[in-house]
Each structure stands twice: as C-alpha cells, then as structure tokens.
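The block underneath contains the structure these notes are about, expressed in structure tokens.
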Amino acid sequence: MNDANRGGQGPRPDIPEKYLKPFDPASVEARLYEAWEKSGYFDPDTLPDEPGRGRNGQPFSMVLPPPNVTGVLHMGSALMLAVEDIMARYARMKGRKALWIPGTDHAAIATQAVVEKKIQKEEGKSRHDLGRDELMRRIGEHVTATHDAIVSQMRTMGASLDWSREAFTLDDKRDLAVRTAFKRMYDDGLIYRGYRVVNWDPKGQTTISDDEIEYEARTTKLYTFRYSKDIPISISTTRPETKLGDTAIAVNPDDERYKAFVGAEFKAVFAGEPISLKVVADRAVEKEFGTGALGVTPAHSVIDWEMSQRHGLPLKQVINEYGKMTVGMDGVKDKKTAEAREAVVAWLRAEGLLEKEEDIEHNISLAQRTGGVIEPLPKLQWFVAVNKAFKKQGERTEEKGGTTLKGLMKEAVSSGATKIIPDRFEKVYFNWIENLRDWCISRQIWYGHRIPVWYKGDEAFCGLEAPEGDGWVQDEDTLDTWFSSGLWTFSTLGWPDEKEFAKNRAYHPTTVLETGSDLIFFWVARMILMSTYLLGEVPFRTVYFHGLVRDTKNRKISKSLGNNIDPVDMIARYGADAVRMSLVVGVGPGNDSKIDEAKIKAYKLFSNKLWNIARFVFSTADMKAEGPLSAADQAVMDGFRSLLAEITVEMDEYKYYLVAEKLYAYAWRELADKVLEESKPILAGPDAEARRSRSVLLRSVMEGLLKALHPFMPFITEEIWKDMPVPGKKPLIVEKWAI
RNA sequence: GCGCGCUUAGCUCAGUUGGUAGAGCGACCCCUUGACGUGGGGUAGGCCAGGGGUUCGAAUCCCUUAGCGCGCACCA
C-alpha cells in the first residue's frame, strides 16, 4: 500500500479480486466446510489450546436429534440444524468446549414400513416372502443410501457437528446400551411381560404405544338395543359386532333405574354367539350417556378391560389380528368387523331388538405410521411400569417406599433441574404424565433392537447375551424405537462402557436439547425417564422447542401435499447462510413458522449487502490505521457496542429470532445506510486525522459484526474474515465472541 | 369436557418490567452508473379480533365473548 492511493482517488488496487463480483455461496461453502472439518474445530478435544478457552473451556454439549433414515431432510430439519448450529457456534466462540454429536435414527417401524412398501410395489412380495434375514439386508441397503444423503445435507447447512462421534441408534454400541438398560429395568421389576389389552394395528400387524395413536373425528352411528328380549336393559354402542365378546353390563352405582339389577346374571344368544352377562356397578359409567348402561367388552376396549379387572370379569376375544370376527352366525364369523357390523345390525332389526339409531361425532383411533384403524386386542406383551414403586439409586431404606418412573419424570421438571423453553410446554408435559399408562415397548416387527429375553419351556431368561445351554429361543419381538432413543444423551457418550463414559462424563447432563415440540412425549419425556432412572441425573439442563415449518398457505409440509421446499435446492440457489437466516429471523421458540422462497431470497440480498460493505471498507478505508477514535467516531462505536451487549444477553436467553433481526437491521440500516454514507466524504476528504479515525472505526465495527453474525451466517462471515487485518487472528469459528 | 396458543399495515411477523403503533416483503412516487446482479429517499395503508375492568396512561395486566389452531381426556 502506498500513500498515493489515499484520499479518495478511487478503489485501492489491493482489494481482493473476489469482491469485484457478487458473493457466490456455491463457490465457497463446500471449501469452507471442508477447511473447518480438517481444522478439527468440530471436535472439542482438538479446539485451540488456550487458557480457559477452547479445549480448556467449560463444556457445552448437545445431541443432534437423530433424523430418521427413512428419507431426505426437509425444511423442518433445516430449521433444527440452523438453530442448533447457532447454539454450538456461539458456545464455541464464547470459549466453551463445545460438543455437538451427530447421529441417525433407525426409526424401526417407520423404516421397515417404507422398505416393505417399496418391495411390495416393485416386486409384489411381502416380508414373509423374503424372510427375516433378507428383509434386514434390504433395509440395510436402504438405510446406507439415505444415511449418506442425510449426512451430506447436514454438511451443506454448515452444521458444526463432531463427525468423529457419529452414532446410529441401532449400531453395536447402542445395542449394548439398550440391552443393559432393559436388563436393569427387568431386574428392578420395572419391565414386565403381561397379557393385557393393547393397541393393535391390523395394517402394520404390530402393537403400538398410546402415543403412536392419532385421533380423527368422524360421524358414526350409535345403536341402542337389547341383547335379547329377555334382558330388560338396553345398551348403546357404535360397534355392535364387538358385543359378541361382552361379559357384563355396567351401570353407575347411583343410577336408580338399574340398582335392582346389579349382581344379576343374564344369558342370551347374540348374533349366533352364546353370551353370559353379569350386571356390575362402576363409577366410570356415565348415567347421562346413551341408556346409562354399558356393555362391557373386556377383550376389545382398554377401558372395558380395566373395568373387567376391577370386577373380576372373564375376557372373551372375538376379533383376531386381521380384524376379522372369530365367532358368530353366518355373515359375522370370519368377516371383517365393518361387514360383521352390518350383519349384526340387520339381525338386531330382524329380531326387533334395535331401538334407536343416531349419528354422533366421535373419535376413531388410527395408527400414526400406517393409518390403520386401531383394534384393541388382548396380547402378551412387554411393558414399562410407570406407576410401580422402586428404590432410587443409592436409596436403601425399604420403608421409604421408593419412587416411581412417573415420579422421576415429574420431579426432573418441577424441581427446575430441566427447564423447558417456552415454559408453557411444562404444563403439557405434566398433563401427559398425569394420564400416563404403562408403556408397551414390544413390537411385532423385525427391524429394531431384539428383546434380550430367551425362553425355554416355562423358563425365561433376561440377560445381555443368550444363556448357556441348548434349547433357548430368543423373543421374536423388537423394541419400540423410542426405547433406544431415550438413552441417546448418554449412549452417545459411551455408556454403559465405564471407561469410555468416564472420559465423557463432563458432557452429561447435556447443556441443551433442541428439538421439535411434537417430540415432547415420544422423546423428551422418555429421555428424562431413562436418564433419571439409569444415571440418577437429568439428560439436559434446558429443552428448547422449535415449532413446525409450514408453507405459505399454512399447511404442514409433507411429501403427500408436494409442498416441500427442498432445502438443498434453496442452498444451491441462495446459499446456506440465506436459508439459515430465513428460518431463524422472527421465529420464536415453540412457534410455527412459514417459509417461502421470497424470504430466502431476501436474505440472499443481505449476504450480498454484507459482501459489498466489505468491498467498500476494504477499498476505501485504510485497514492498517491505528490509534484513538475521534469523539464522533467513538459515539458510533459506543452505539455498536451497546448493541453487542444487548444481543449477547439475548443469545444467552435463546432469543435468536431477535438477535438475527437486530443484526440485519444494524448492518443494513445503520452501518450501510448511515455510517458508510457519511464515511464517503470523510475518507475522500483532506483531513488525514479524520480519515485515520474513521478507518479504525470501520475496521472495528466490521470485526464485531462478522463475529456477531458468524453463528447465523457462518460461511460469508468466515470468507470475509479471511481478509480482515486482525493481528493474531484465528479462523472466525474459534475467534472470541464480539464482547 | 380440561388445558394451551394465536388474532397487530395487502402478506409474513416483531413489539419481554404498561409510556404518543414497528420491520421485511408487496404497492405507488422520485432519485441513482452507485461500495451494491441494484441501491437510496419518500408516500399510502392499522378504532393492535369484539366487549368490559385496573391505571394518570393498555397492543402490553385482569375478566369475558368470538374465530382459528393445537394438546390431553372422553369416544358406550
């Protein structure tokens, strides 16, 4: 640089050539990501060795909610990656030993369903045609392909994940964790096998948990009738075909109409099936609904099953796993329930038993994954007992009575050990726990963690490995995918391997869990359950929920609607920085947001604005200028510093939506529109001292702005940072936070 | 039935101790070869869903009504 070029004689000749063209994300992003990865800064152990910072800093840890290996990433995943990367990069710049662990989820039932469907469509074969081994091989192929696509997408977003620790919910280490957890709970009596009415999905041919059910409002006929002319009580039902399995009539104990009948027993032949009905009194029966009398079907209704337990009623199954009747007259037996219903109603009408038909609004239960109508059936399944008392770790006194898993889950949040953002979700969480029933964890599918229990005759053995001796056969079922996901915060840190876990102990409890609010029960609650039970500590200090990403018409983004805006496509066109900003600005925690291309485009223009700010500063200010600021320039600097102080507080409060907006406004409206404009005459003017002071100011503001924007827009800030003349500078990713 | 959230400019949304309504996009007008694959300046557009209350003062706090969305329960 020589003095002849000073004083507004046009652009200085030494400006890097890249600034002569608009910012081109495609040409720099992949290269920058590779450089970060090679530098080792994604791995906390290879962060810079500085006192109190980097590898010597306070640990910060977070797990990536492992995406399902069913397909590609969508905008919701992009939002998740953007917010979490902001968290990780901010923590790293603040000097923390930041660990963000990547992984993918085998998603058991979801993945098997996708692959089975594909094979059925392309080859016309079912899983039984292929057999267990061949299906596993096919799923393996599918999982490898989708895994690779997903991982490459995460990289394009700029996610600063520690790839050296990547995990899979179904790999060997996680399988050992699952078996270990299962055995601990089994030995404590918290996992048991029981014959109970469960949610059966006839379409998926498996049981599912209560949380995997979706409800859909439909108008249905409510039939009121008598079982026979000899029975003086009428009942109402929407499912007459199930009445072949009735073993009781329940009435409210306070109902004067039926008091005289309580304890009586009636016999009849109903649609060809002999039935025997005991009249019982139960508070669960509402006097006002229907006739006030309820036909109890213990085998095909969870509520009725519970009632049957209270009154010692027999259980009689009349519907099988395929949703077909197993008893009844011609036209009923062997027919699907819908068909059998019509036949039963026709029979009632013919017999003169039908008293009333009316339309009512009612919810039907559907399996979330397959859409199949849930058929409650009695089956021998594995359960986690949430209400059973056990002794807490370290608690030896019997007389205390111990605690329950429900209690542990409640306490984790009510004690403040785990905070939920936004806090309104705490109510939702407590409400769910209140209504929680035992968790059915066995699934009749093949893809997943096999239940670590072996049988020989009447004997059962639960262990990490098969027992010694011949003739032991392992349980055919696999575990609910959320059982393994529940262990994720510590199975990824080496648990149950004591040596490996000890090395990572400082990362648990993890600092924060960022995930979608729809996972509050499935995942968040299960992680709290597993961690508090197995480790005696919460899995994370803070839960940050993001909302749903919708399209401009306020529809949920889904494949079937074909309204997915592909994040990879958007990144290719506008850059990852623009996509990240568009997802984050103005979107508070827990709130749904809308995404459209115009918004992403707007932040591409912002990238370009930053680029040109850099171009202006590099070409007109003296980047080597030193010394104090003039009073006027100091005032500008003070204004900027107070902004930095403000946003630092907001970063700590997880208010990224505000920070992003403020930085955008400052860079454009304040720095570009005001400061740079007023700098033009100063930098072109005759006053050397004013030029010097203004140059120092512009360089300082640029430096602070790049740092503050880095967590949000890592690529462009890092790229500009390369040309900043900062003494002893490091890559921006590990530079010290702006304030 | 219980609970939660939302309702602010044409659109998308901010507005966190109550102090005279904000941004982006869009529309319209003017200017600009400029650091800017454009940018700058300006204009129009809002009884902050309705009603009531607290207060000197309410988009903000309380009560209530309505619409939309969501969770849970019920679902005979």
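A note on labels: chains of the structure tokens are A, B, ... as shown, every chain counts residues from 1, and ligands are counted from 1 in their shown order.
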
Could you write out as a compact mmCIF listing (two decimals) with all heavy atoms, in the first residue's frame the residues of chain A within 6 Å of chain B, counting only C-alpha atoms (C1' of nucleotides)?
# COMPACT_ATOMS: atom_id res chain seq x y z
N SER A 236 -76.14 -48.92 24.47
CA SER A 236 -75.81 -48.20 23.24
C SER A 236 -74.36 -48.48 22.87
O SER A 236 -73.50 -48.60 23.74
CB SER A 236 -75.97 -46.70 23.44
OG SER A 236 -77.29 -46.39 23.79
N THR A 237 -74.11 -48.59 21.57
CA THR A 237 -72.73 -48.78 21.12
C THR A 237 -72.57 -48.34 19.67
O THR A 237 -73.55 -48.30 18.92
CB THR A 237 -72.30 -50.26 21.24
OG1 THR A 237 -70.92 -50.37 20.85
CG2 THR A 237 -73.13 -51.16 20.35
N LEU A 294 -73.88 -49.84 30.00
CA LEU A 294 -72.79 -50.04 29.06
C LEU A 294 -72.46 -51.52 28.94
O LEU A 294 -72.28 -52.22 29.95
CB LEU A 294 -71.57 -49.25 29.58
CG LEU A 294 -70.15 -49.63 29.23
CD1 LEU A 294 -69.89 -49.32 27.77
CD2 LEU A 294 -69.18 -48.88 30.11
N HIS A 362 -67.65 -38.80 16.79
CA HIS A 362 -66.78 -39.49 17.72
C HIS A 362 -65.40 -39.70 17.12
O HIS A 362 -65.22 -39.57 15.91
CB HIS A 362 -67.51 -40.76 18.23
CG HIS A 362 -66.97 -42.05 17.81
ND1 HIS A 362 -67.01 -43.13 18.64
CD2 HIS A 362 -66.39 -42.48 16.67
CE1 HIS A 362 -66.47 -44.16 18.00
NE2 HIS A 362 -66.10 -43.80 16.83
N ASN A 363 -64.42 -39.90 17.97
CA ASN A 363 -63.04 -40.01 17.51
C ASN A 363 -62.70 -41.45 17.23
O ASN A 363 -62.95 -42.32 18.05
CB ASN A 363 -62.08 -39.51 18.59
CG ASN A 363 -62.10 -38.01 18.72
OD1 ASN A 363 -62.39 -37.30 17.75
ND2 ASN A 363 -61.81 -37.52 19.89
N ASN A 612 -20.78 -6.35 -0.07
CA ASN A 612 -20.45 -5.03 -0.60
C ASN A 612 -20.02 -4.05 0.47
O ASN A 612 -19.27 -3.13 0.20
CB ASN A 612 -21.64 -4.49 -1.39
CG ASN A 612 -21.70 -5.13 -2.76
OD1 ASN A 612 -20.78 -4.95 -3.56
ND2 ASN A 612 -22.72 -5.93 -3.00
N PHE A 616 -16.58 -2.14 0.14
CA PHE A 616 -16.42 -0.70 0.35
C PHE A 616 -15.34 -0.41 1.39
O PHE A 616 -14.46 0.41 1.19
CB PHE A 616 -17.75 -0.09 0.79
CG PHE A 616 -17.63 1.38 1.14
CD1 PHE A 616 -17.67 2.34 0.14
CD2 PHE A 616 -17.46 1.79 2.46
CE1 PHE A 616 -17.55 3.70 0.45
CE2 PHE A 616 -17.34 3.13 2.77
CZ PHE A 616 -17.38 4.09 1.77

What's the 7 Å shell around segment 52-66 of chain B, counting only C-alpha atoms (C1' of nucleotides), without same-chain residues fewer than 5 positions away, as a ChimeraX atom specification? /B:8,18-19

With C-alpha atoms (C1' of nucleotides) retained, could you export that selection as an mmCIF file, in the first residue's frame?
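The resulting part21.cif:
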data_model
loop_
_atom_site.group_PDB
_atom_site.id
_atom_site.type_symbol
_atom_site.label_atom_id
_atom_site.label_comp_id
_atom_site.auth_asym_id
_atom_site.auth_seq_id
_atom_site.Cartn_x
_atom_site.Cartn_y
_atom_site.Cartn_z
ATOM 1 C "C1'" U B 8 -51.205 -6.007 15.126
ATOM 2 C "C1'" G B 18 -47.724 -0.663 30.807
ATOM 3 C "C1'" G B 19 -45.404 5.445 28.433
#

Of A:Leu479, A:Ile600, A:Met87, A:Val198, the one nearest to Asp175 of chain A when counting only C-alpha atoms is A:Leu479

Exercise: Asp188 of chain A partners within 12 Å, only C-alpha atoms (C1' of nucleotides), chain neighbours under 6 positions left out, as number ranges by chain: A: 181-182, 384-385, 388-393, 402, 404-405, 462, 533-534

Residues as selected, C-alpha atoms, written as a short mmCIF file (atom, residue, chain, number, x, y, z; two decimals), in the first residue's frame, can you do that?
data_model
loop_
_atom_site.label_atom_id
_atom_site.label_comp_id
_atom_site.auth_asym_id
_atom_site.auth_seq_id
_atom_site.Cartn_x
_atom_site.Cartn_y
_atom_site.Cartn_z
CA ALA A 181 -30.96 -50.66 30.19
CA PHE A 182 -33.54 -53.37 29.56
CA VAL A 384 -42.51 -50.48 31.32
CA ALA A 385 -44.29 -49.98 34.63
CA LYS A 388 -44.61 -49.13 40.25
CA ALA A 389 -42.58 -48.05 43.25
CA PHE A 390 -38.90 -48.92 43.29
CA LYS A 391 -35.88 -47.78 45.21
CA LYS A 392 -33.98 -44.84 43.81
CA GLN A 393 -30.29 -45.29 43.20
CA GLY A 402 -39.24 -45.70 46.85
CA THR A 404 -41.93 -44.39 40.52
CA LEU A 405 -40.78 -43.62 37.00
CA CYS A 462 -33.15 -61.82 30.63
CA TYR A 533 -33.59 -43.87 36.29
CA LEU A 534 -30.28 -45.19 34.96
#

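Our summary of the geometry notes that atom CA of Leu64 of chain A is positioned 7.8 Å from atom CA of Glu514 of chain A.
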
Report, in Å with one decimal, the straight-line distance from atom CA of Ser414 of chain A to atom C1' of G1 of chain B. 26.2 Å

At a cut-off of 10 Å, using only C-alpha atoms (C1' of nucleotides), what residues contact Phe522 of chain A? Leave out same-chain residues fewer than 2 positions from it and give the result as a list in words.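 Non-adjacent residues within range: Ser209, Asp211, Glu212, Thr481, Trp482, Phe483, Ser485, Gly486, Asp518, Leu519, Ile520, Val524, Ala525, Arg526 and Met527 of chain A.
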
Enumerate, as a PyMOL selection string, the complete set of residues in segment 301-426 of chain A that a backbone-based DSSP assignment places in alpha helix (DSSP H). chain A and resi 302-311+337-351+405-414+424-426

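Closest to Lys609 of chain A among A:Lys336, A:Arg226, A:Arg155, A:Arg669 is A:Arg669, based on only C-alpha atoms.
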
Name all residues at most 12 Å from Arg127 of chain A (count only C-alpha atoms (C1' of nucleotides); drop same-chain ones fewer than 6 positions away) and give them as a list in words.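 These residues fall inside the cut-off: Gln112, Ala113, Val114, Val115, Glu116, Lys117, Lys118, Ile119, Gln120, Asp133, Glu134, Leu135, Met136, Arg137, Arg138, Ile139, Gly204, Gln205, Ile445, Trp446 and Tyr447 of chain A.
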
Residues just named, written with N, CA, C and O atoms as a short mmCIF file (atom, residue, chain, number, x, y, z; two decimals), in the first residue's frame:
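selection22.cif was written with the following content:
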data_model
loop_
_atom_site.label_atom_id
_atom_site.label_comp_id
_atom_site.auth_asym_id
_atom_site.auth_seq_id
_atom_site.Cartn_x
_atom_site.Cartn_y
_atom_site.Cartn_z
N GLN A 112 -39.03 -49.82 8.41
CA GLN A 112 -39.48 -51.10 7.88
C GLN A 112 -40.70 -50.91 6.98
O GLN A 112 -40.80 -51.53 5.92
N ALA A 113 -41.59 -50.03 7.38
CA ALA A 113 -42.80 -49.79 6.59
C ALA A 113 -42.45 -49.23 5.21
O ALA A 113 -43.00 -49.65 4.20
N VAL A 114 -41.50 -48.29 5.18
CA VAL A 114 -41.10 -47.69 3.91
C VAL A 114 -40.50 -48.73 2.97
O VAL A 114 -40.86 -48.81 1.79
N VAL A 115 -39.60 -49.55 3.51
CA VAL A 115 -38.93 -50.55 2.67
C VAL A 115 -39.91 -51.64 2.24
O VAL A 115 -39.92 -52.05 1.08
N GLU A 116 -40.75 -52.08 3.16
CA GLU A 116 -41.73 -53.11 2.82
C GLU A 116 -42.66 -52.64 1.71
O GLU A 116 -42.98 -53.38 0.78
N LYS A 117 -43.05 -51.39 1.80
CA LYS A 117 -43.96 -50.81 0.82
C LYS A 117 -43.29 -50.78 -0.56
O LYS A 117 -43.90 -51.11 -1.57
N LYS A 118 -42.04 -50.41 -0.55
CA LYS A 118 -41.28 -50.33 -1.79
C LYS A 118 -41.16 -51.71 -2.45
O LYS A 118 -41.37 -51.86 -3.65
N ILE A 119 -40.83 -52.70 -1.63
CA ILE A 119 -40.67 -54.06 -2.16
C ILE A 119 -42.01 -54.59 -2.67
O ILE A 119 -42.08 -55.21 -3.73
N GLN A 120 -43.05 -54.32 -1.93
CA GLN A 120 -44.38 -54.76 -2.32
C GLN A 120 -44.76 -54.16 -3.68
O GLN A 120 -45.27 -54.84 -4.56
N ASP A 133 -34.00 -62.47 7.45
CA ASP A 133 -32.64 -62.10 7.07
C ASP A 133 -32.60 -61.25 5.81
O ASP A 133 -31.89 -60.26 5.74
N GLU A 134 -33.36 -61.68 4.80
CA GLU A 134 -33.34 -60.95 3.55
C GLU A 134 -33.94 -59.55 3.72
O GLU A 134 -33.42 -58.57 3.17
N LEU A 135 -35.00 -59.44 4.50
CA LEU A 135 -35.59 -58.12 4.72
C LEU A 135 -34.59 -57.20 5.42
O LEU A 135 -34.44 -56.04 5.07
N MET A 136 -33.86 -57.76 6.39
CA MET A 136 -32.87 -56.96 7.10
C MET A 136 -31.79 -56.46 6.13
O MET A 136 -31.32 -55.34 6.23
N ARG A 137 -31.42 -57.34 5.19
CA ARG A 137 -30.39 -56.95 4.22
C ARG A 137 -30.90 -55.80 3.35
O ARG A 137 -30.21 -54.83 3.11
N ARG A 138 -32.14 -55.91 2.92
CA ARG A 138 -32.74 -54.87 2.07
C ARG A 138 -32.85 -53.55 2.83
O ARG A 138 -32.59 -52.48 2.30
N ILE A 139 -33.26 -53.64 4.09
CA ILE A 139 -33.38 -52.42 4.89
C ILE A 139 -32.00 -51.81 5.07
O ILE A 139 -31.82 -50.60 4.97
N GLY A 204 -50.34 -52.62 10.20
CA GLY A 204 -48.92 -52.82 10.42
C GLY A 204 -48.62 -54.16 11.08
O GLY A 204 -47.47 -54.53 11.22
N GLN A 205 -49.66 -54.85 11.53
CA GLN A 205 -49.50 -56.15 12.22
C GLN A 205 -48.55 -56.06 13.41
O GLN A 205 -47.63 -56.86 13.57
N ILE A 445 -42.38 -56.33 14.81
CA ILE A 445 -41.69 -56.08 13.54
C ILE A 445 -40.26 -56.59 13.70
O ILE A 445 -39.82 -56.92 14.80
N TRP A 446 -39.55 -56.64 12.58
CA TRP A 446 -38.24 -57.26 12.61
C TRP A 446 -37.09 -56.28 12.73
O TRP A 446 -36.01 -56.61 13.20
N TYR A 447 -37.31 -55.06 12.25
CA TYR A 447 -36.22 -54.10 12.23
C TYR A 447 -36.17 -53.33 13.55
O TYR A 447 -37.06 -52.51 13.83
#

To one decimal place in Å, what is the distance between atom CA of Val296 of chain A and atom CA of Pro232 of chain A? 16.1 Å

Quick one: everything within 10 Å of Phe168 of chain A, counting only C-alpha atoms (C1' of nucleotides), minus sequence neighbours fewer than 4 positions away in the same chain. Send it as a ChimeraX atom specification. /A:66-67,69,102-106,147,172-175,485,488,492

For the residues in that selection, give me N, CA and C atoms as a compact mmCIF listing (two decimals), in the first residue's frame.
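Final output, selection-v1.txt:
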# COMPACT_ATOMS: atom_id res chain seq x y z
N PRO A 66 -31.48 -37.31 16.22
CA PRO A 66 -31.08 -38.09 15.04
C PRO A 66 -32.21 -38.18 14.03
N PRO A 67 -32.00 -37.72 12.81
CA PRO A 67 -33.05 -37.81 11.80
C PRO A 67 -33.32 -39.27 11.46
N VAL A 69 -33.80 -42.46 9.22
CA VAL A 69 -33.17 -42.83 7.96
C VAL A 69 -34.20 -43.27 6.93
N PRO A 102 -23.50 -35.85 16.25
CA PRO A 102 -24.41 -36.24 15.18
C PRO A 102 -24.82 -37.70 15.26
N GLY A 103 -25.87 -38.02 14.56
CA GLY A 103 -26.31 -39.40 14.51
C GLY A 103 -27.57 -39.53 13.70
N THR A 104 -27.98 -40.76 13.47
CA THR A 104 -29.22 -41.03 12.76
C THR A 104 -30.01 -42.08 13.53
N ASP A 105 -31.31 -42.11 13.25
CA ASP A 105 -32.23 -42.98 13.98
C ASP A 105 -32.74 -44.07 13.06
N HIS A 106 -32.68 -45.32 13.52
CA HIS A 106 -33.16 -46.42 12.68
C HIS A 106 -34.68 -46.38 12.50
N HIS A 147 -28.84 -42.64 4.71
CA HIS A 147 -27.90 -42.08 5.68
C HIS A 147 -26.92 -41.15 4.99
N ASP A 172 -23.80 -51.31 17.17
CA ASP A 172 -23.47 -52.27 18.24
C ASP A 172 -23.40 -51.62 19.62
N LYS A 173 -22.79 -50.43 19.68
CA LYS A 173 -22.66 -49.77 20.98
C LYS A 173 -24.03 -49.41 21.56
N ARG A 174 -24.89 -48.90 20.70
CA ARG A 174 -26.21 -48.52 21.17
C ARG A 174 -27.04 -49.77 21.50
N ASP A 175 -26.76 -50.86 20.81
CA ASP A 175 -27.50 -52.10 21.11
C ASP A 175 -27.12 -52.62 22.49
N SER A 485 -33.94 -44.45 21.65
CA SER A 485 -33.77 -43.01 21.57
C SER A 485 -33.71 -42.39 22.96
N TRP A 488 -30.29 -41.77 24.32
CA TRP A 488 -29.39 -41.09 23.38
C TRP A 488 -28.38 -40.13 24.01
N THR A 492 -24.61 -42.08 23.47
CA THR A 492 -23.67 -41.47 22.52
C THR A 492 -22.36 -41.06 23.21

Leaving out Leu436 of chain A and any residue of its chain fewer than 3 positions from it, which residues lie within 9 Å of it when counting only C-alpha atoms (C1' of nucleotides), given as a CSV table (one decimal) with N, CA, C and O atoms, in the first residue's frame?
chain,number,residue,atom,x,y,z
A,210,ASP,N,-49.6,-45.9,23.2
A,210,ASP,CA,-50.7,-44.9,23.2
A,210,ASP,C,-50.3,-43.6,22.5
A,210,ASP,O,-51.2,-43.0,21.9
A,386,VAL,N,-44.9,-47.6,34.9
A,386,VAL,CA,-44.5,-46.3,35.2
A,386,VAL,C,-45.1,-45.9,36.6
A,386,VAL,O,-44.6,-44.9,37.2
A,387,ASN,N,-46.0,-46.7,37.2
A,387,ASN,CA,-46.5,-46.4,38.5
A,387,ASN,C,-46.0,-47.3,39.6
A,387,ASN,O,-46.4,-47.2,40.7
A,406,LYS,N,-42.8,-42.4,36.9
A,406,LYS,CA,-43.7,-41.2,36.8
A,406,LYS,C,-43.1,-40.1,37.7
A,406,LYS,O,-43.0,-38.9,37.3
A,431,ASN,N,-49.2,-32.6,32.2
A,431,ASN,CA,-50.5,-33.2,31.9
A,431,ASN,C,-50.4,-34.6,31.3
A,431,ASN,O,-51.2,-35.5,31.6
A,432,TRP,N,-49.4,-34.8,30.5
A,432,TRP,CA,-49.2,-36.1,29.9
A,432,TRP,C,-48.8,-37.1,30.9
A,432,TRP,O,-49.3,-38.2,30.9
A,433,ILE,N,-47.9,-36.7,31.8
A,433,ILE,CA,-47.5,-37.6,32.9
A,433,ILE,C,-48.7,-38.1,33.7
A,433,ILE,O,-48.8,-39.2,34.1
A,439,TRP,N,-46.1,-48.3,29.6
A,439,TRP,CA,-45.6,-48.1,28.2
A,439,TRP,C,-45.4,-49.5,27.5
A,439,TRP,O,-44.5,-50.2,28.0
